[in-house]
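Participant: Next comes my_file_9.cif, mmCIF, C-alpha atoms:
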```cif
data_target
loop_
_atom_site.group_PDB
_atom_site.id
_atom_site.type_symbol
_atom_site.label_atom_id
_atom_site.label_comp_id
_atom_site.auth_asym_id
_atom_site.auth_seq_id
_atom_site.Cartn_x
_atom_site.Cartn_y
_atom_site.Cartn_z
ATOM 1 C CA MET A 1 6.424 -24.776 -12.775
ATOM 2 C CA THR A 2 5.237 -21.168 -12.908
ATOM 3 C CA GLY A 3 2.702 -22.034 -10.240
ATOM 4 C CA LEU A 4 5.441 -23.196 -7.894
ATOM 5 C CA PHE A 5 7.296 -19.880 -8.249
ATOM 6 C CA VAL A 6 4.051 -17.987 -7.650
ATOM 7 C CA LEU A 7 3.404 -20.085 -4.547
ATOM 8 C CA VAL A 8 6.885 -19.411 -3.136
ATOM 9 C CA GLY A 9 6.480 -15.703 -3.962
ATOM 10 C CA ALA A 10 3.100 -15.557 -2.210
ATOM 11 C CA LEU A 11 4.585 -17.227 0.889
ATOM 12 C CA ALA A 12 7.454 -14.727 0.944
ATOM 13 C CA VAL A 13 5.081 -11.758 0.584
ATOM 14 C CA THR A 14 2.953 -13.135 3.427
ATOM 15 C CA VAL A 15 5.962 -13.400 5.743
ATOM 16 C CA VAL A 16 7.090 -9.848 4.920
ATOM 17 C CA ILE A 17 3.607 -8.410 5.553
ATOM 18 C CA ALA A 18 3.241 -10.369 8.808
ATOM 19 C CA VAL A 19 6.611 -9.141 10.104
ATOM 20 C CA LEU A 20 5.918 -5.511 9.123
ATOM 21 C CA LYS A 21 2.495 -5.699 10.704
ATOM 22 C CA ALA A 22 3.818 -7.130 13.968
ATOM 23 C CA HIS A 23 6.364 -4.311 14.046
ATOM 24 C CA ARG A 24 3.923 -1.492 13.302
ATOM 25 C CA ASP A 25 0.670 -2.475 14.939
ATOM 26 C CA GLY A 26 -0.240 -0.370 17.929
ATOM 27 C CA ARG A 27 2.934 1.711 17.611
ATOM 28 C CA PHE A 28 2.278 5.404 18.145
ATOM 29 C CA THR A 29 4.213 7.756 15.952
ATOM 30 C CA ALA A 30 4.416 11.519 16.112
ATOM 31 C CA VAL A 31 2.223 13.122 13.469
ATOM 32 C CA GLU A 32 4.317 15.035 10.955
ATOM 33 C CA HIS A 33 3.444 18.663 10.607
ATOM 34 C CA THR A 34 4.551 20.506 7.546
ATOM 35 C CA GLY A 35 4.211 24.045 8.818
ATOM 36 C CA VAL A 36 6.720 25.961 10.886
ATOM 37 C CA VAL A 37 3.996 27.876 12.689
ATOM 38 C CA ASP A 38 3.106 26.179 15.935
ATOM 39 C CA ASP A 39 -0.576 26.372 15.181
ATOM 40 C CA ASP A 40 -0.303 24.742 11.780
ATOM 41 C CA VAL A 41 -1.318 21.322 12.991
ATOM 42 C CA GLU A 42 -4.410 19.238 12.476
ATOM 43 C CA ARG A 43 -6.853 20.232 15.151
ATOM 44 C CA LEU A 44 -10.122 18.574 16.072
ATOM 45 C CA ASP A 45 -12.800 20.090 18.242
ATOM 46 C CA ALA A 46 -15.881 18.915 20.092
ATOM 47 C CA GLU A 47 -18.103 19.945 17.212
ATOM 48 C CA ARG A 48 -16.357 17.735 14.673
ATOM 49 C CA LEU A 49 -15.979 14.847 17.085
ATOM 50 C CA GLY A 50 -19.507 15.041 18.387
ATOM 51 C CA GLN A 51 -18.241 14.820 21.988
ATOM 52 C CA PRO A 52 -16.330 17.144 24.308
ATOM 53 C CA LEU A 53 -12.552 16.810 24.452
ATOM 54 C CA GLY A 54 -10.780 15.492 27.534
ATOM 55 C CA GLU A 55 -9.271 18.127 29.810
ATOM 56 C CA ARG A 56 -5.831 16.662 29.486
ATOM 57 C CA ALA A 57 -5.896 14.477 26.361
ATOM 58 C CA THR A 58 -8.370 12.776 24.061
ATOM 59 C CA LEU A 59 -8.092 9.360 22.433
ATOM 60 C CA VAL A 60 -9.960 9.242 19.135
ATOM 61 C CA GLN A 61 -10.561 5.798 17.646
ATOM 62 C CA PHE A 62 -11.779 5.331 14.081
ATOM 63 C CA SER A 63 -13.791 2.123 13.729
ATOM 64 C CA SER A 64 -15.797 0.437 10.999
ATOM 65 C CA ALA A 65 -18.408 -2.286 10.873
ATOM 66 C CA PHE A 66 -16.114 -4.891 9.336
ATOM 67 C CA CYS A 67 -13.329 -4.569 11.857
ATOM 68 C CA ALA A 68 -12.653 -7.358 14.311
ATOM 69 C CA PRO A 69 -9.749 -5.669 16.185
ATOM 70 C CA CYS A 70 -11.790 -2.494 16.774
ATOM 71 C CA ARG A 71 -13.530 -3.961 19.788
ATOM 72 C CA ALA A 72 -10.281 -4.967 21.483
ATOM 73 C CA THR A 73 -8.920 -1.475 20.804
ATOM 74 C CA ARG A 74 -12.035 0.121 22.318
ATOM 75 C CA VAL A 75 -11.492 -1.905 25.494
ATOM 76 C CA VAL A 76 -7.812 -0.881 25.765
ATOM 77 C CA LEU A 77 -8.605 2.814 25.207
ATOM 78 C CA GLY A 78 -11.510 2.718 27.657
ATOM 79 C CA GLN A 79 -9.246 1.280 30.347
ATOM 80 C CA ALA A 80 -6.544 3.867 29.658
ATOM 81 C CA ALA A 81 -9.088 6.705 29.817
ATOM 82 C CA GLU A 82 -10.314 5.389 33.136
ATOM 83 C CA ALA A 83 -6.817 5.029 34.533
ATOM 84 C CA VAL A 84 -5.676 8.569 33.723
ATOM 85 C CA ASP A 85 -7.586 11.624 34.967
ATOM 86 C CA GLY A 86 -8.743 14.099 32.355
ATOM 87 C CA VAL A 87 -8.497 11.647 29.443
ATOM 88 C CA THR A 88 -11.545 10.926 27.285
ATOM 89 C CA ALA A 89 -11.870 8.114 24.739
ATOM 90 C CA ILE A 90 -14.060 8.776 21.705
ATOM 91 C CA ASP A 91 -15.076 6.132 19.175
ATOM 92 C CA ILE A 92 -15.881 7.406 15.692
ATOM 93 C CA ASP A 93 -17.642 5.454 12.972
ATOM 94 C CA ALA A 94 -15.302 5.998 10.031
ATOM 95 C CA GLU A 95 -18.050 5.413 7.484
ATOM 96 C CA ALA A 96 -20.189 8.188 8.914
ATOM 97 C CA HIS A 97 -17.242 10.617 8.892
ATOM 98 C CA LEU A 98 -15.609 9.989 5.514
ATOM 99 C CA ASP A 99 -14.637 13.659 5.169
ATOM 100 C CA LEU A 100 -12.670 13.447 8.423
ATOM 101 C CA VAL A 101 -11.209 10.093 7.334
ATOM 102 C CA ARG A 102 -9.946 11.624 4.112
ATOM 103 C CA GLU A 103 -8.644 14.788 5.736
ATOM 104 C CA LEU A 104 -6.621 12.775 8.241
ATOM 105 C CA GLY A 105 -5.569 10.179 5.653
ATOM 106 C CA ILE A 106 -6.944 7.240 7.603
ATOM 107 C CA VAL A 107 -6.667 4.001 5.631
ATOM 108 C CA ARG A 108 -7.107 1.343 8.291
ATOM 109 C CA THR A 109 -9.415 0.675 11.168
ATOM 110 C CA PRO A 110 -8.705 0.805 14.004
ATOM 111 C CA THR A 111 -6.651 3.995 13.810
ATOM 112 C CA VAL A 112 -6.126 5.814 17.090
ATOM 113 C CA LEU A 113 -5.265 9.511 17.362
ATOM 114 C CA VAL A 114 -3.997 11.127 20.533
ATOM 115 C CA LEU A 115 -5.018 14.770 20.925
ATOM 116 C CA ASP A 116 -3.690 17.195 23.493
ATOM 117 C CA ALA A 117 -5.920 19.432 25.610
ATOM 118 C CA GLN A 118 -6.277 21.878 22.689
ATOM 119 C CA GLY A 119 -7.400 19.135 20.324
ATOM 120 C CA ARG A 120 -4.143 19.081 18.349
ATOM 121 C CA VAL A 121 -3.459 15.712 16.736
ATOM 122 C CA LEU A 122 -0.057 14.747 18.126
ATOM 123 C CA ARG A 123 0.277 10.991 17.758
ATOM 124 C CA ARG A 124 -1.393 8.192 15.864
ATOM 125 C CA ALA A 125 -1.305 4.408 15.614
ATOM 126 C CA SER A 126 -2.993 1.712 13.511
ATOM 127 C CA GLY A 127 -3.912 -1.726 14.778
ATOM 128 C CA VAL A 128 -4.574 -2.792 18.357
ATOM 129 C CA PRO A 129 -2.280 -0.899 20.765
ATOM 130 C CA ARG A 130 -1.170 -2.298 24.100
ATOM 131 C CA ARG A 131 -2.162 -0.503 27.276
ATOM 132 C CA GLU A 132 1.408 0.686 27.955
ATOM 133 C CA GLN A 133 1.671 2.092 24.439
ATOM 134 C CA VAL A 134 -1.504 4.119 24.976
ATOM 135 C CA LEU A 135 -0.373 5.363 28.380
ATOM 136 C CA ALA A 136 3.003 6.418 26.960
ATOM 137 C CA ALA A 137 1.297 8.254 24.087
ATOM 138 C CA ILE A 138 -1.002 10.056 26.545
ATOM 139 C CA ALA A 139 2.009 11.091 28.621
ATOM 140 C CA ALA A 140 3.762 12.403 25.520
ATOM 141 C CA ALA A 141 0.690 14.364 24.388
ATOM 142 C CA SER A 142 -0.108 15.917 27.755
ATOM 143 C CA GLN A 143 3.335 17.219 28.641
ATOM 144 C CA MET B 1 -31.878 -3.634 15.449
ATOM 145 C CA SER B 2 -31.226 -7.333 15.949
ATOM 146 C CA ARG B 3 -28.017 -8.388 17.578
ATOM 147 C CA PRO B 4 -25.414 -9.204 14.915
ATOM 148 C CA SER B 5 -24.561 -12.888 14.747
ATOM 149 C CA GLN B 6 -21.477 -14.027 16.590
ATOM 150 C CA VAL B 7 -18.836 -16.607 15.758
ATOM 151 C CA ASP B 8 -16.072 -18.366 17.642
ATOM 152 C CA PRO B 9 -13.073 -16.376 16.299
ATOM 153 C CA ARG B 10 -11.074 -19.573 15.864
ATOM 154 C CA GLY B 11 -13.565 -20.803 13.248
ATOM 155 C CA PRO B 12 -12.600 -18.243 10.594
ATOM 156 C CA ARG B 13 -8.894 -18.870 11.363
ATOM 157 C CA VAL B 14 -9.304 -22.598 10.683
ATOM 158 C CA ALA B 15 -11.361 -21.818 7.576
ATOM 159 C CA ALA B 16 -8.575 -19.488 6.394
ATOM 160 C CA ALA B 17 -6.013 -22.262 6.905
ATOM 161 C CA LEU B 18 -8.089 -24.679 4.798
ATOM 162 C CA THR B 19 -8.608 -21.953 2.184
ATOM 163 C CA SER B 20 -4.825 -21.395 2.059
ATOM 164 C CA LEU B 21 -4.243 -25.112 1.542
ATOM 165 C CA VAL B 22 -6.760 -25.338 -1.321
ATOM 166 C CA LEU B 23 -5.372 -22.206 -3.018
ATOM 167 C CA ALA B 24 -1.750 -23.350 -2.586
ATOM 168 C CA VAL B 25 -2.533 -26.710 -4.193
ATOM 169 C CA ALA B 26 -4.508 -24.932 -6.944
ATOM 170 C CA LEU B 27 -1.377 -22.928 -7.815
ATOM 171 C CA VAL B 28 0.783 -25.988 -8.419
ATOM 172 C CA VAL B 29 -1.527 -28.533 -10.056
ATOM 173 C CA PRO B 30 -2.040 -28.643 -13.845
ATOM 174 C CA PRO B 31 -5.060 -27.119 -15.635
ATOM 175 C CA PRO B 32 -8.246 -29.058 -15.202
ATOM 176 C CA ALA B 33 -7.524 -29.739 -11.509
ATOM 177 C CA ARG B 34 -6.504 -26.114 -10.998
ATOM 178 C CA GLU B 35 -9.809 -24.727 -12.289
ATOM 179 C CA PHE B 36 -11.734 -27.376 -10.381
ATOM 180 C CA LEU B 37 -10.124 -26.341 -7.070
ATOM 181 C CA LEU B 38 -10.776 -22.664 -7.768
ATOM 182 C CA VAL B 39 -14.451 -23.402 -8.511
ATOM 183 C CA LEU B 40 -14.629 -25.410 -5.287
ATOM 184 C CA GLN B 41 -13.081 -22.582 -3.260
ATOM 185 C CA GLY B 42 -15.333 -20.083 -5.045
ATOM 186 C CA ALA B 43 -18.369 -22.134 -3.994
ATOM 187 C CA VAL B 44 -17.185 -22.113 -0.370
ATOM 188 C CA PHE B 45 -16.664 -18.325 -0.515
ATOM 189 C CA THR B 46 -20.133 -17.900 -2.043
ATOM 190 C CA ILE B 47 -21.760 -19.761 0.844
ATOM 191 C CA GLY B 48 -19.677 -17.767 3.335
ATOM 192 C CA ALA B 49 -20.483 -14.421 1.744
ATOM 193 C CA PHE B 50 -24.189 -14.902 0.963
ATOM 194 C CA VAL B 51 -25.453 -17.455 3.499
ATOM 195 C CA SER B 52 -23.234 -17.288 6.567
ATOM 196 C CA VAL B 53 -19.651 -18.035 7.532
ATOM 197 C CA ALA B 54 -21.011 -20.736 9.840
ATOM 198 C CA ALA B 55 -22.637 -22.568 6.899
ATOM 199 C CA THR B 56 -19.473 -23.320 4.898
ATOM 200 C CA PRO B 57 -18.013 -26.848 4.836
ATOM 201 C CA TYR B 58 -14.894 -25.436 6.546
ATOM 202 C CA ALA B 59 -17.048 -24.180 9.426
ATOM 203 C CA LEU B 60 -18.719 -27.588 9.649
ATOM 204 C CA PHE B 61 -15.256 -29.168 9.852
ATOM 205 C CA PHE B 62 -14.307 -26.710 12.602
ATOM 206 C CA ARG B 63 -17.436 -27.412 14.622
ATOM 207 C CA GLY B 64 -17.375 -31.162 14.105
ATOM 208 C CA VAL B 65 -13.670 -31.944 14.329
ATOM 209 C CA VAL B 66 -11.626 -29.038 15.725
ATOM 210 C CA ARG B 67 -13.777 -27.335 18.344
ATOM 211 C CA PRO B 68 -14.576 -30.477 20.374
ATOM 212 C CA ARG B 69 -10.812 -30.726 21.005
ATOM 213 C CA LEU B 70 -10.428 -27.101 22.110
ATOM 214 C CA ALA B 71 -11.378 -25.225 25.263
ATOM 215 C CA PRO B 72 -14.572 -23.150 24.982
ATOM 216 C CA PRO B 73 -13.962 -19.764 23.336
ATOM 217 C CA THR B 74 -13.067 -16.945 25.736
ATOM 218 C CA ASP B 75 -14.807 -14.458 23.510
ATOM 219 C CA LEU B 76 -17.166 -14.417 20.546
ATOM 220 C CA GLU B 77 -16.665 -12.186 17.561
ATOM 221 C CA ASP B 78 -18.948 -10.273 15.223
ATOM 222 C CA ALA B 79 -19.613 -12.440 12.151
ATOM 223 C CA ARG B 80 -19.746 -9.485 9.729
ATOM 224 C CA PRO B 81 -15.991 -8.901 9.232
ATOM 225 C CA PRO B 82 -15.231 -12.521 8.219
ATOM 226 C CA GLN B 83 -18.373 -12.571 6.090
ATOM 227 C CA PHE B 84 -17.276 -9.466 4.198
ATOM 228 C CA ALA B 85 -13.820 -11.019 3.758
ATOM 229 C CA GLN B 86 -15.456 -14.064 2.123
ATOM 230 C CA LEU B 87 -16.938 -11.735 -0.493
ATOM 231 C CA VAL B 88 -13.509 -10.198 -1.158
ATOM 232 C CA GLY B 89 -12.069 -13.724 -1.459
ATOM 233 C CA LEU B 90 -14.814 -14.666 -3.898
ATOM 234 C CA ILE B 91 -14.006 -11.682 -6.123
ATOM 235 C CA PHE B 92 -10.318 -12.671 -6.257
ATOM 236 C CA VAL B 93 -11.110 -16.317 -7.046
ATOM 237 C CA VAL B 94 -13.577 -15.326 -9.801
ATOM 238 C CA VAL B 95 -10.923 -13.042 -11.337
ATOM 239 C CA ALA B 96 -8.350 -15.852 -11.108
ATOM 240 C CA LEU B 97 -10.720 -18.287 -12.816
ATOM 241 C CA ALA B 98 -11.564 -15.767 -15.518
ATOM 242 C CA GLY B 99 -7.839 -15.275 -16.120
ATOM 243 C CA PHE B 100 -7.010 -18.953 -16.420
ATOM 244 C CA LEU B 101 -10.068 -19.750 -18.534
ATOM 245 C CA THR B 102 -9.351 -16.958 -21.028
ATOM 246 C CA GLY B 103 -5.663 -17.809 -21.297
ATOM 247 C CA LEU B 104 -4.537 -14.775 -19.285
ATOM 248 C CA ASP B 105 -2.431 -16.898 -16.962
ATOM 249 C CA ALA B 106 -0.665 -13.893 -15.423
ATOM 250 C CA LEU B 107 -4.027 -12.538 -14.240
ATOM 251 C CA GLY B 108 -5.014 -15.968 -12.957
ATOM 252 C CA TYR B 109 -1.787 -16.421 -10.990
ATOM 253 C CA GLY B 110 -1.832 -12.851 -9.695
ATOM 254 C CA ALA B 111 -5.394 -13.019 -8.357
ATOM 255 C CA ALA B 112 -4.964 -16.529 -6.918
ATOM 256 C CA ALA B 113 -1.714 -15.464 -5.221
ATOM 257 C CA ALA B 114 -3.395 -12.369 -3.732
ATOM 258 C CA ALA B 115 -6.204 -14.518 -2.337
ATOM 259 C CA LEU B 116 -3.609 -16.938 -0.927
ATOM 260 C CA VAL B 117 -1.653 -14.132 0.797
ATOM 261 C CA ALA B 118 -4.854 -12.800 2.380
ATOM 262 C CA ALA B 119 -5.938 -16.253 3.569
ATOM 263 C CA LEU B 120 -2.481 -17.122 4.950
ATOM 264 C CA LEU B 121 -2.256 -13.825 6.847
ATOM 265 C CA ASN B 122 -5.663 -14.464 8.328
ATOM 266 C CA ALA B 123 -4.761 -18.030 9.321
ATOM 267 C CA ALA B 124 -1.341 -17.159 10.744
ATOM 268 C CA THR B 125 -1.942 -13.786 12.421
ATOM 269 C CA GLY B 126 -5.718 -13.297 12.527
ATOM 270 C CA PHE B 127 -5.299 -10.217 10.339
ATOM 271 C CA CYS B 128 -8.237 -9.763 7.980
ATOM 272 C CA LEU B 129 -7.067 -8.069 4.791
ATOM 273 C CA GLY B 130 -10.540 -8.195 3.262
ATOM 274 C CA CYS B 131 -11.892 -6.301 6.259
ATOM 275 C CA GLU B 132 -9.272 -3.578 5.827
ATOM 276 C CA LEU B 133 -10.411 -3.104 2.256
ATOM 277 C CA TYR B 134 -13.899 -2.234 3.432
ATOM 278 C CA LEU B 135 -13.059 1.318 4.502
ATOM 279 C CA THR B 136 -10.944 1.821 1.391
ATOM 280 C CA SER B 137 -13.841 0.712 -0.806
ATOM 281 C CA ARG B 138 -16.173 3.149 0.979
ATOM 282 C CA ARG B 139 -13.697 5.994 0.510
ATOM 283 C CA LEU B 140 -13.366 5.168 -3.179
ATOM 284 C CA ALA B 141 -17.122 4.913 -3.602
ATOM 285 C CA LYS B 142 -17.526 8.324 -2.031
ATOM 286 C CA SER B 143 -14.852 10.010 -4.111
ATOM 287 C CA LEU B 144 -16.371 8.541 -7.290
ATOM 288 C CA ALA B 145 -19.877 9.664 -6.361
#
```
Can you present the structure in this file as structure tokens?
Facilitator:
Amino acid sequence: MTGLFVLVGALAVTVVIAVLKAHRDGRFTAVEHTGVVDDDVERLDAERLGQPLGERATLVQFSSAFCAPCRATRVVLGQAAEAVDGVTAIDIDAEAHLDLVRELGIVRTPTVLVLDAQGRVLRRASGVPRREQVLAAIAAASQ
Amino acid sequence: MSRPSQVDPRGPRVAAALTSLVLAVALVVPPPAREFLLVLQGAVFTIGAFVSVAATPYALFFRGVVRPRLAPPTDLEDARPPQFAQLVGLIFVVVALAGFLTGLDALGYGAAAAALVAALLNAATGFCLGCELYLTSRRLAKSLA
């Protein structure tokens, strides 16, 4: 009898997680900044990223070896970077940059950050984003 | 470096569906059958984690019965994420077995239910919970070091 309750509970938890995930995946949200000073935001530069920033915006993807959706995300970001002038897509191996992962509080791969021309982290999303979502996030970051 | 092995992504989804079925039945049947099913699923996870995901009986079922009825895959997928997930599944099933065999039924049910949720999510949405835990485990390992 207990087992039956556990089974029903597990099914309910699965449905809740699946619905939440469908809602959140690929959705870019503005990164919260605690400070009132304009400059008090997370900022990444070419040195930390290992590649130069885009002139207009930079898409930073955190990937890991055991991540099936990372490849699909890489394709979407690559296409977006090609479609918009001055946008660069950078893929970062999360395992090789655990300090950065911790600093930015990244828990899932893929996580995508959108940086403005100054390297300020403005928006982020987890999961595979759609092309339109990426383009909208670029537009918001490069205003 | 050699090219990592590739799998038809639908294979692990079918395997996850069969895993879900076995774990769901294991939750509702009485003791000796329950432990037997968990041992069986643990054996499948062991093959998947330490040999290859393509070597499990579920993968054989997919190749022999399911795939001939499907169109060819549009894309192949890296075999490492599902393989790592098999190891995570194995850990949960071993914990569940340990719980049931030592009389800690709450532990047994909890671990078996967690494995079931992960397998169902994988089967239904393609989401690999075990894979997500990889980065977390690396972060933990680093902060403990």
Participant: Could you state the separation of atom CA of A:Gly78 and atom CA of A:Ser126 in Å, given to one decimal place?
Facilitator: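 It comes out at 16.5 Å.
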Participant: Find, counting all atoms listed in the file, the residue in A:Val128, A:Val31, A:Ala140, A:Gln51 that gets nearest to A:Ala68.
Facilitator: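 Closest candidate: A:Val128.
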Participant: Should the cut-off be 8 Å, what would the residue list for chain B against chain A look like, counting only C-alpha atoms, as a list of chain:residue names?
Facilitator: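 Matching residues, ligands excluded from the count: B:Ala24, B:Leu27, B:Val28, B:Val29, B:Glu77, B:Asp78, B:Arg80, B:Pro81, B:Pro82, B:Phe84, B:Tyr109, B:Ala113, B:Ala114, B:Leu116, B:Val117, B:Ala118, B:Leu120, B:Leu121, B:Thr125, B:Cys131, B:Glu132, B:Tyr134, B:Leu135, B:Thr136, B:Arg138, B:Arg139, B:Lys142.
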Participant: Which residues match the PyMOL selection byres ((chain A and resi 45) around 12) in the file above, as an mmCIF file with C-alpha atoms, in the frame of the given file?
Facilitator:
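Resulting contents of selection-v5.cif:
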```
data_model
loop_
_atom_site.group_PDB
_atom_site.id
_atom_site.type_symbol
_atom_site.label_atom_id
_atom_site.label_comp_id
_atom_site.auth_asym_id
_atom_site.auth_seq_id
_atom_site.Cartn_x
_atom_site.Cartn_y
_atom_site.Cartn_z
ATOM 1 C CA GLU A 42 -4.410 19.238 12.476
ATOM 2 C CA ARG A 43 -6.853 20.232 15.151
ATOM 3 C CA LEU A 44 -10.122 18.574 16.072
ATOM 4 C CA ALA A 46 -15.881 18.915 20.092
ATOM 5 C CA GLU A 47 -18.103 19.945 17.212
ATOM 6 C CA ARG A 48 -16.357 17.735 14.673
ATOM 7 C CA LEU A 49 -15.979 14.847 17.085
ATOM 8 C CA GLY A 50 -19.507 15.041 18.387
ATOM 9 C CA GLN A 51 -18.241 14.820 21.988
ATOM 10 C CA PRO A 52 -16.330 17.144 24.308
ATOM 11 C CA LEU A 53 -12.552 16.810 24.452
ATOM 12 C CA GLY A 54 -10.780 15.492 27.534
ATOM 13 C CA THR A 58 -8.370 12.776 24.061
ATOM 14 C CA VAL A 60 -9.960 9.242 19.135
ATOM 15 C CA ILE A 90 -14.060 8.776 21.705
ATOM 16 C CA LEU A 100 -12.670 13.447 8.423
ATOM 17 C CA LEU A 115 -5.018 14.770 20.925
ATOM 18 C CA ASP A 116 -3.690 17.195 23.493
ATOM 19 C CA ALA A 117 -5.920 19.432 25.610
ATOM 20 C CA GLN A 118 -6.277 21.878 22.689
ATOM 21 C CA GLY A 119 -7.400 19.135 20.324
ATOM 22 C CA ARG A 120 -4.143 19.081 18.349
ATOM 23 C CA VAL A 121 -3.459 15.712 16.736
#
```
Participant: Measuring between only C-alpha atoms, which one of B:Gln6, B:Ile91, B:Val65, B:Leu76 shows the shortest distance to B:Ser52?
Facilitator: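 Distance minimum relative to B:Ser52 lands on B:Gln6.
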Participant: Which is closest to B:Gln86 among B:Thr46, B:Thr74, B:Thr56, B:Thr102, if we use all atoms listed in the file?
Facilitator: B:Thr46
